[in-house]
$ cat model.pdb   # PDB, C-alpha atoms
ATOM      1  CA  MET A 164     179.263  66.316 220.807
ATOM      2  CA  GLU A 165     178.867  69.855 219.466
ATOM      3  CA  ILE A 166     175.930  72.246 219.371
ATOM      4  CA  SER A 167     175.925  74.857 216.610
ATOM      5  CA  ILE A 168     174.323  78.260 217.118
ATOM      6  CA  THR A 169     172.790  80.193 214.230
ATOM      7  CA  GLY A 170     174.503  83.349 213.130
ATOM      8  CA  PRO A 171     178.293  83.556 213.368
ATOM      9  CA  ARG A 172     180.371  80.411 213.320
ATOM     10  CA  ILE A 173     180.056  79.523 217.016
ATOM     11  CA  PHE A 174     180.197  76.069 218.561
ATOM     12  CA  TYR A 175     180.163  74.771 222.097
ATOM     13  CA  THR A 176     182.104  71.642 222.949
ATOM     14  CA  ILE A 177     180.161  69.723 225.619
ATOM     15  CA  HIS A 178     182.947  67.558 227.033
ATOM     16  CA  THR A 179     185.411  70.411 227.538
ATOM     17  CA  GLY A 180     183.039  73.228 228.338
ATOM     18  CA  ILE A 181     185.128  75.606 226.205
ATOM     19  CA  PRO A 182     183.261  77.863 223.767
ATOM     20  CA  ILE A 183     184.887  78.021 220.336
ATOM     21  CA  LEU A 184     184.611  80.987 217.971
ATOM     22  CA  GLY A 185     185.810  79.707 214.620
ATOM     23  CA  ASP A 186     189.305  78.400 215.366
ATOM     24  CA  PHE A 187     189.603  80.618 218.451
ATOM     25  CA  ASN A 188     189.119  78.960 221.859
ATOM     26  CA  ILE A 189     187.486  81.160 224.489
ATOM     27  CA  THR A 190     189.061  79.787 227.648
ATOM     28  CA  GLU A 191     188.248  80.601 231.257
ATOM     29  CA  THR A 192     191.504  82.547 231.505
ATOM     30  CA  LEU A 193     190.470  84.751 228.599
ATOM     31  CA  VAL A 194     186.983  85.386 229.977
ATOM     32  CA  VAL A 195     188.274  86.278 233.459
ATOM     33  CA  SER A 196     190.933  88.513 231.874
ATOM     34  CA  TRP A 197     188.120  90.424 230.153
ATOM     35  CA  ILE A 198     186.361  90.740 233.501
ATOM     36  CA  VAL A 199     189.572  92.109 235.046
ATOM     37  CA  MET A 200     189.879  94.686 232.251
ATOM     38  CA  ILE A 201     186.239  95.721 232.719
ATOM     39  CA  ILE A 202     186.830  96.171 236.477
ATOM     40  CA  ILE A 203     189.944  98.299 235.889
ATOM     41  CA  THR A 204     188.189 100.386 233.229
ATOM     42  CA  GLY A 205     185.221 100.933 235.546
ATOM     43  CA  LEU A 206     187.504 102.018 238.404
ATOM     44  CA  CYS A 207     189.358 104.452 236.132
ATOM     45  CA  ILE A 208     186.100 105.996 234.926
ATOM     46  CA  PHE A 209     184.798 106.225 238.485
ATOM     47  CA  LEU A 210     187.956 107.859 239.867
ATOM     48  CA  THR A 211     188.545 110.326 237.028
ATOM     49  CA  ARG A 212     185.093 111.693 236.203
ATOM     50  CA  ASP A 213     184.206 115.282 237.130
ATOM     51  CA  LEU A 214     187.800 116.318 237.781
ATOM     52  CA  LYS A 215     188.260 119.829 239.211
ATOM     53  CA  VAL A 216     191.145 122.189 239.899
ATOM     54  CA  GLU A 217     189.714 123.440 243.205
ATOM     55  CA  ASN A 218     187.441 121.906 245.837
ATOM     56  CA  ILE A 219     188.251 118.432 244.624
ATOM     57  CA  SER A 220     186.209 115.457 245.748
ATOM     58  CA  LYS A 221     187.524 112.596 247.881
ATOM     59  CA  ARG A 222     187.374 110.419 244.789
ATOM     60  CA  GLN A 223     189.651 112.785 242.887
ATOM     61  CA  ALA A 224     191.981 113.021 245.886
ATOM     62  CA  VAL A 225     192.344 109.225 245.838
ATOM     63  CA  ALA A 226     193.066 109.279 242.102
ATOM     64  CA  GLU A 227     195.709 111.991 242.485
ATOM     65  CA  SER A 228     197.309 110.142 245.407
ATOM     66  CA  LEU A 229     197.561 106.966 243.318
ATOM     67  CA  VAL A 230     199.216 108.881 240.483
ATOM     68  CA  GLU A 231     201.702 110.471 242.886
ATOM     69  CA  ILE A 232     202.530 107.070 244.397
ATOM     70  CA  LEU A 233     203.102 105.614 240.919
ATOM     71  CA  GLU A 234     205.295 108.551 239.893
ATOM     72  CA  LYS A 235     207.430 108.147 243.017
ATOM     73  CA  PHE A 236     207.596 104.376 242.514
ATOM     74  CA  VAL A 237     208.857 104.766 238.933
ATOM     75  CA  SER A 238     211.283 107.533 239.911
ATOM     76  CA  ASP A 239     212.745 105.563 242.839
ATOM     77  CA  ASN A 240     213.357 102.479 240.707
ATOM     78  CA  THR A 241     214.873 104.285 237.721
ATOM     79  CA  GLY A 242     217.190 106.648 239.540
ATOM     80  CA  GLY A 243     214.918 109.631 238.926
ATOM     81  CA  LYS A 244     215.696 109.725 235.195
ATOM     82  CA  PRO A 245     213.165 112.053 233.539
ATOM     83  CA  GLN A 246     212.877 109.940 230.362
ATOM     84  CA  PHE A 247     211.184 107.206 232.353
ATOM     85  CA  ALA A 248     208.281 109.421 233.464
ATOM     86  CA  LYS A 249     206.437 108.074 230.427
ATOM     87  CA  MET A 250     206.504 104.632 232.073
ATOM     88  CA  VAL A 251     204.017 105.674 234.785
ATOM     89  CA  PRO A 252     200.815 104.757 232.851
ATOM     90  CA  PHE A 253     202.284 101.420 231.759
ATOM     91  CA  ILE A 254     203.465 100.464 235.240
ATOM     92  CA  GLY A 255     200.118 101.542 236.704
ATOM     93  CA  ALA A 256     198.228  99.391 234.200
ATOM     94  CA  LEU A 257     200.601  96.458 234.741
ATOM     95  CA  PHE A 258     200.314  96.630 238.537
ATOM     96  CA  ALA A 259     196.516  96.991 238.513
ATOM     97  CA  THR A 260     196.083  94.120 236.053
ATOM     98  CA  SER A 261     198.401  91.852 238.007
ATOM     99  CA  LEU A 262     196.903  92.705 241.405
ATOM    100  CA  ILE A 263     193.246  92.340 240.403
ATOM    101  CA  SER A 264     194.028  89.172 238.434
ATOM    102  CA  ASN A 265     195.675  87.724 241.541
ATOM    103  CA  LEU A 266     192.860  88.744 243.914
ATOM    104  CA  ILE A 267     189.941  87.768 241.693
ATOM    105  CA  SER A 268     190.384  84.174 242.835
ATOM    106  CA  LEU A 269     188.747  85.280 246.118
ATOM    107  CA  THR A 270     185.449  85.467 244.212
ATOM    108  CA  GLY A 271     185.696  81.834 243.149
ATOM    109  CA  LEU A 272     186.917  82.620 239.633
ATOM    110  CA  ARG A 273     190.188  81.154 238.418
ATOM    111  CA  SER A 274     192.933  83.759 238.468
ATOM    112  CA  PRO A 275     194.317  84.559 234.988
ATOM    113  CA  THR A 276     197.775  84.666 236.551
ATOM    114  CA  ALA A 277     197.425  80.965 237.380
ATOM    115  CA  ASP A 278     197.810  80.417 233.628
ATOM    116  CA  LEU A 279     201.403  80.696 232.401
ATOM    117  CA  SER A 280     200.241  82.182 229.094
ATOM    118  CA  THR A 281     199.173  85.372 230.922
ATOM    119  CA  GLU A 282     202.567  86.033 232.504
ATOM    120  CA  ALA A 283     204.304  84.940 229.293
ATOM    121  CA  ALA A 284     202.434  87.640 227.358
ATOM    122  CA  TRP A 285     203.394  90.286 229.934
ATOM    123  CA  ALA A 286     207.015  89.130 229.930
ATOM    124  CA  ILE A 287     207.204  89.275 226.118
ATOM    125  CA  VAL A 288     205.946  92.879 226.164
ATOM    126  CA  VAL A 289     208.518  93.792 228.825
ATOM    127  CA  PHE A 290     211.265  91.970 226.903
ATOM    128  CA  ILE A 291     210.467  93.984 223.763
ATOM    129  CA  MET A 292     210.662  97.194 225.806
ATOM    130  CA  ILE A 293     214.010  96.132 227.312
ATOM    131  CA  THR A 294     215.415  95.277 223.880
ATOM    132  CA  ALA A 295     214.174  98.569 222.415
ATOM    133  CA  GLU A 296     215.845 100.476 225.253
ATOM    134  CA  LYS A 297     219.137  98.620 224.700
ATOM    135  CA  ILE A 298     219.073  99.374 220.975
ATOM    136  CA  LYS A 299     218.199 102.993 221.700
ATOM    137  CA  SER A 300     221.109 103.253 224.130
ATOM    138  CA  ALA A 301     223.844 101.342 222.280
ATOM    139  CA  GLY A 302     222.565 101.304 218.711
ATOM    140  CA  LEU A 303     221.692  98.199 216.713
ATOM    141  CA  GLY A 304     225.345  97.319 216.129
ATOM    142  CA  GLY A 305     226.220  97.825 219.774
ATOM    143  CA  TYR A 306     223.282  95.668 220.859
ATOM    144  CA  PHE A 307     224.432  92.686 218.787
ATOM    145  CA  LYS A 308     228.074  93.297 219.686
ATOM    146  CA  GLY A 309     227.111  93.014 223.356
ATOM    147  CA  PHE A 310     226.384  89.313 222.837
ATOM    148  CA  THR A 311     230.043  88.690 222.002
ATOM    149  CA  GLU A 312     231.437  90.295 225.161
ATOM    150  CA  PRO A 313     233.723  89.769 226.990
ATOM    151  CA  ILE A 314     234.856  87.153 224.439
ATOM    152  CA  PHE A 315     233.209  85.673 221.344
ATOM    153  CA  VAL A 316     232.963  82.209 222.931
ATOM    154  CA  MET A 317     230.415  83.616 225.415
ATOM    155  CA  THR A 318     227.910  84.469 222.655
ATOM    156  CA  PRO A 319     225.624  81.421 223.153
ATOM    157  CA  PHE A 320     225.574  81.975 226.907
ATOM    158  CA  ASN A 321     224.796  85.684 226.485
ATOM    159  CA  ILE A 322     221.899  84.823 224.171
ATOM    160  CA  LEU A 323     220.565  82.327 226.701
ATOM    161  CA  SER A 324     220.937  84.937 229.444
ATOM    162  CA  GLU A 325     218.943  87.414 227.358
ATOM    163  CA  LEU A 326     216.138  84.897 226.787
ATOM    164  CA  ALA A 327     216.175  83.930 230.464
ATOM    165  CA  THR A 328     214.917  87.406 231.436
ATOM    166  CA  PRO A 329     211.309  87.065 230.164
ATOM    167  CA  ILE A 330     211.182  83.362 231.018
ATOM    168  CA  GLY A 331     212.303  84.015 234.605
ATOM    169  CA  MET A 332     209.833  86.885 235.072
ATOM    170  CA  ALA A 333     206.931  84.822 233.756
ATOM    171  CA  CYS A 334     207.721  81.639 235.676
ATOM    172  CA  ARG A 335     208.390  83.462 238.968
ATOM    173  CA  HIS A 336     205.004  85.190 238.966
ATOM    174  CA  PHE A 337     203.123  82.142 237.657
ATOM    175  CA  GLY A 338     204.750  79.724 240.094
ATOM    176  CA  ASN A 339     203.965  81.802 243.171
ATOM    177  CA  ILE A 340     200.315  82.370 242.256
ATOM    178  CA  LEU A 341     199.682  78.774 241.183
ATOM    179  CA  SER A 342     201.409  77.374 244.272
ATOM    180  CA  GLY A 343     199.125  79.460 246.495
ATOM    181  CA  ILE A 344     196.050  78.091 244.733
ATOM    182  CA  VAL A 345     197.326  74.514 244.977
ATOM    183  CA  ILE A 346     198.256  74.826 248.666
ATOM    184  CA  ASN A 347     194.878  76.341 249.516
ATOM    185  CA  GLY A 348     193.137  73.542 247.636
ATOM    186  CA  LEU A 349     195.162  70.853 249.424
ATOM    187  CA  ILE A 350     194.495  72.403 252.834
ATOM    188  CA  TYR A 351     190.765  72.640 252.113
ATOM    189  CA  ALA A 352     190.652  69.001 250.953
ATOM    190  CA  ALA A 353     192.685  67.797 253.953
ATOM    191  CA  LEU A 354     190.440  69.630 256.426
ATOM    192  CA  ALA A 355     187.336  68.272 254.702
ATOM    193  CA  LEU A 356     188.714  64.737 255.012
ATOM    194  CA  LEU A 357     189.690  65.273 258.651
ATOM    195  CA  SER A 358     186.232  66.667 259.390
ATOM    196  CA  SER A 359     184.610  63.641 257.769
ATOM    197  CA  LYS A 360     186.739  61.189 259.770
ATOM    198  CA  LEU A 361     186.348  62.908 263.146
ATOM    199  CA  LEU A 362     182.625  63.634 262.907
ATOM    200  CA  GLY A 363     182.021  60.170 261.493
ATOM    201  CA  LEU A 364     183.024  58.792 264.899
ATOM    202  CA  LEU A 365     179.837  60.206 266.405
ATOM    203  CA  PRO A 366     177.216  57.528 266.979
ATOM    204  CA  GLY A 367     174.155  56.915 264.821
ATOM    205  CA  LEU A 368     172.593  59.112 262.192
ATOM    206  CA  LEU A 369     174.203  62.235 263.678
ATOM    207  CA  GLY A 370     177.685  61.007 262.854
ATOM    208  CA  GLU A 371     176.617  59.776 259.434
ATOM    209  CA  TRP A 372     175.052  63.142 258.566
ATOM    210  CA  LEU A 373     177.819  65.341 260.005
ATOM    211  CA  SER A 374     180.520  63.298 258.269
ATOM    212  CA  HIS A 375     179.324  64.796 254.985
ATOM    213  CA  VAL A 376     179.600  68.383 256.288
ATOM    214  CA  PRO A 377     183.169  69.841 255.984
ATOM    215  CA  ILE A 378     182.905  71.827 259.209
ATOM    216  CA  LEU A 379     186.669  72.067 259.757
ATOM    217  CA  SER A 380     187.066  73.581 256.287
ATOM    218  CA  VAL A 381     185.157  76.673 257.368
ATOM    219  CA  GLY A 382     187.357  79.540 258.505
ATOM    220  CA  VAL A 383     190.880  78.134 258.248
ATOM    221  CA  PRO A 384     191.191  78.382 254.417
ATOM    222  CA  ALA A 385     189.759  81.904 254.590
ATOM    223  CA  ILE A 386     192.400  82.923 257.140
ATOM    224  CA  LEU A 387     195.181  81.381 255.060
ATOM    225  CA  SER A 388     193.903  83.210 251.974
ATOM    226  CA  VAL A 389     194.913  86.472 253.672
ATOM    227  CA  TYR A 390     198.486  85.369 252.979
ATOM    228  CA  PHE A 391     198.160  83.232 249.841
ATOM    229  CA  ASP A 392     195.744  85.583 248.055
ATOM    230  CA  TRP A 393     196.008  89.079 249.506
ATOM    231  CA  PHE A 394     199.642  89.329 250.604
ATOM    232  CA  THR A 395     201.166  87.104 247.913
ATOM    233  CA  GLY A 396     198.980  88.662 245.227
ATOM    234  CA  PHE A 397     200.105  92.163 246.158
ATOM    235  CA  MET A 398     203.764  91.195 246.498
ATOM    236  CA  GLN A 399     203.911  89.401 243.144
ATOM    237  CA  ALA A 400     202.391  92.408 241.366
ATOM    238  CA  PHE A 401     204.840  94.667 243.207
ATOM    239  CA  ILE A 402     207.881  92.510 242.388
ATOM    240  CA  PHE A 403     206.931  92.127 238.713
ATOM    241  CA  CYS A 404     206.707  95.909 238.338
ATOM    242  CA  ILE A 405     210.009  96.491 240.162
ATOM    243  CA  LEU A 406     211.800  93.964 237.927
ATOM    244  CA  THR A 407     210.274  95.588 234.841
ATOM    245  CA  LEU A 408     211.572  99.023 235.821
ATOM    246  CA  GLN A 409     214.997  97.798 236.881
ATOM    247  CA  TYR A 410     215.544  95.738 233.725
ATOM    248  CA  ILE A 411     214.552  98.680 231.524
ATOM    249  CA  ASN A 412     216.668 101.071 233.582
ATOM    250  CA  ASN A 413     219.691  98.772 233.309
ATOM    251  CA  ALA A 414     219.079  98.466 229.571
ATOM    252  CA  SER A 415     219.319 102.242 229.204
ATOM    253  CA  GLU A 416     222.790 102.153 230.802
ATOM    254  CA  SER A 417     224.185  99.362 228.653
TER     255      SER A 417
END
$ encode --input "model.pdb" --output "structure tokens"
Amino acid sequence: MEISITGPRIFYTIHTGIPILGDFNITETLVVSWIVMIIITGLCIFLTRDLKVENISKRQAVAESLVEILEKFVSDNTGGKPQFAKMVPFIGALFATSLISNLISLTGLRSPTADLSTEAAWAIVVFIMITAEKIKSAGLGGYFKGFTEPIFVMTPFNILSELATPIGMACRHFGNILSGIVINGLIYAALALLSSKLLGLLPGLLGEWLSHVPILSVGVPAILSVYFDWFTGFMQAFIFCILTLQYINNASES
């Protein structure tokens, strides 16, 4: 069943709950990704407005500290090469997007990083940057010649190794975030079932009523989310950015 809305070609599919704009599906991942971008844009505007040279505000001090941390992070992971200073804005945007996407699940929204298409898009962008750096370093002929080294027979394996870079980056990030969501969901469901069984042993209407209240599910999942959401979310964003810098740095030396 579909309901059409006057104006642009917009439909809403009842059984899937996915809005469709023409032939373009507006999924939950896409909507939450927009929310993440709005949050990041709002934070950037908040931190960078009314910048001063002297008597800076605490807000500006935080912004400058973040920039200094990012500059040091990029420098430490690229051997201090000055040509990679231009990577600071990209790495900052990548880290912020990854981190907020990972943590937004705490609000009840589905994390965009729990959808493989999100990490795949990031990995493709990084792969293009790695390839561009290799071509810049060795030239187009040298880049293709590298697939035949050390011997021509290794060409198929070298091509597979090249393609494995974006696939590995995407799957590593996706797998860790999705596994955290699944484990949290299983723990919540198991505690709810245990609560129902234990409280159902109480006599009379009290036991019947309390058996429908997942008391044991309160608190424990929230404590576990400190690891599965906060710690894992931060670490996955951190690792993805480190791998990005190291792959690009290695590409410049090829």
$ atom_distance --input "model.pdb" --atom1 "atom CA of Leu303 of chain A" --atom2 "atom CA of Ser415 of chain A"
13.3 Å
$ closest_residue --input "model.pdb" --among "A:Ala259, A:Ile411, A:Val289, A:Ala295" --to "Gly331 of chain A" --atoms "only C-alpha atoms"
A:Val289
$ atom_distance --input "model.pdb" --atom1 "atom CA of Ile201 of chain A" --atom2 "atom CA of Ser261 of chain A"
13.8 Å
$ closest_residue --input "model.pdb" --among "A:Ala352, A:Ala414, A:Ser264, A:Phe397" --to "Val194 of chain A" --atoms "all atoms listed in the file"
A:Ser264
$ atom_distance --input "model.pdb" --atom1 "atom CA of Glu312 of chain A" --atom2 "atom CA of Asn412 of chain A"
20.1 Å
$ residues_around --input "model.pdb" --residues "Phe247 of chain A" --least-positions-apart "5" --cutoff "9 Å" --atoms "all atoms listed in the file" --output "PDB file with C-alpha atoms, in the coordinates of the input"
ATOM      1  CA  VAL A 237     208.857 104.766 238.933  1.00  0.00           C
ATOM      2  CA  SER A 238     211.283 107.533 239.911  1.00  0.00           C
ATOM      3  CA  THR A 241     214.873 104.285 237.721  1.00  0.00           C
ATOM      4  CA  LEU A 408     211.572  99.023 235.821  1.00  0.00           C
ATOM      5  CA  ASN A 412     216.668 101.071 233.582  1.00  0.00           C
TER       6      ASN A 412
END
$ resolve_selection --input "model.pdb" --expression "the PyMOL selection byres ((chain A and resi 209) around 12)" --output "list in words"
Ile202, Ile203, Thr204, Gly205, Leu206, Cys207, Ile208, Leu210, Thr211, Arg212, Asp213, Leu214, Ser220, Lys221, Arg222, Gln223, Val225 and Ala226 of chain A
$ resolve_selection --input "model.pdb" --expression "the PyMOL selection byres ((chain A and resi 337) around 9)" --output "list in words"
Thr276, Ala277, Asp278, Leu279, Thr281, Glu282, Ala283, Met332, Ala333, Cys334, Arg335, His336, Gly338, Asn339, Ile340, Leu341 and Ser342 of chain A
$ closest_residue --input "model.pdb" --among "A:Phe258, A:Leu193, A:Ser268, A:Val216" --to "Gly343 of chain A" --atoms "only C-alpha atoms"
A:Ser268
$ residues_around --input "model.pdb" --residues "Thr311 of chain A" --least-positions-apart "6" --cutoff "8 Å" --atoms "only C-alpha atoms" --output "PyMOL selection string"
chain A and resi 317-318+321
$ write_last_selection --input "model.pdb" --atoms "C-alpha atoms" --output "PDB file, in the coordinates of the input"
ATOM      1  CA  MET A 317     230.415  83.616 225.415  1.00  0.00           C
ATOM      2  CA  THR A 318     227.910  84.469 222.655  1.00  0.00           C
ATOM      3  CA  ASN A 321     224.796  85.684 226.485  1.00  0.00           C
TER       4      ASN A 321
END
$ residues_around --input "model.pdb" --residues "Glu325 of chain A" --least-positions-apart "3" --cutoff "12 Å" --atoms "all atoms listed in the file" --output "ChimeraX atom specification"
/A:287,290-291,293-294,297,306-307,309-310,318-322,328-332,410,414
$ write_last_selection --input "model.pdb" --atoms "C-alpha atoms" --output "short mmCIF file (atom, residue, chain, number, x, y, z; two decimals), in the frame of the given file"
data_model
loop_
_atom_site.label_atom_id
_atom_site.label_comp_id
_atom_site.auth_asym_id
_atom_site.auth_seq_id
_atom_site.Cartn_x
_atom_site.Cartn_y
_atom_site.Cartn_z
CA ILE A 287 207.20 89.28 226.12
CA PHE A 290 211.26 91.97 226.90
CA ILE A 291 210.47 93.98 223.76
CA ILE A 293 214.01 96.13 227.31
CA THR A 294 215.42 95.28 223.88
CA LYS A 297 219.14 98.62 224.70
CA TYR A 306 223.28 95.67 220.86
CA PHE A 307 224.43 92.69 218.79
CA GLY A 309 227.11 93.01 223.36
CA PHE A 310 226.38 89.31 222.84
CA THR A 318 227.91 84.47 222.66
CA PRO A 319 225.62 81.42 223.15
CA PHE A 320 225.57 81.98 226.91
CA ASN A 321 224.80 85.68 226.48
CA ILE A 322 221.90 84.82 224.17
CA THR A 328 214.92 87.41 231.44
CA PRO A 329 211.31 87.06 230.16
CA ILE A 330 211.18 83.36 231.02
CA GLY A 331 212.30 84.02 234.60
CA MET A 332 209.83 86.88 235.07
CA TYR A 410 215.54 95.74 233.72
CA ALA A 414 219.08 98.47 229.57
#
$ resolve_selection --input "model.pdb" --expression "the PyMOL selection byres ((chain A and resi 400) around 9)" --output "ChimeraX atom specification"
/A:257-262,265,336,395-399,401-405
$ residues_near_point --input "model.pdb" --point "(205.4, 106.2, 236.4)" --cutoff "9 Å" --atoms "all atoms listed in the file" --output "PyMOL selection string"
chain A and resi 230-238+247-255
$ closest_residue --input "model.pdb" --among "A:Asn218, A:Leu272, A:Ser358, A:Pro313" --to "Trp372 of chain A" --atoms "all atoms listed in the file"
A:Ser358
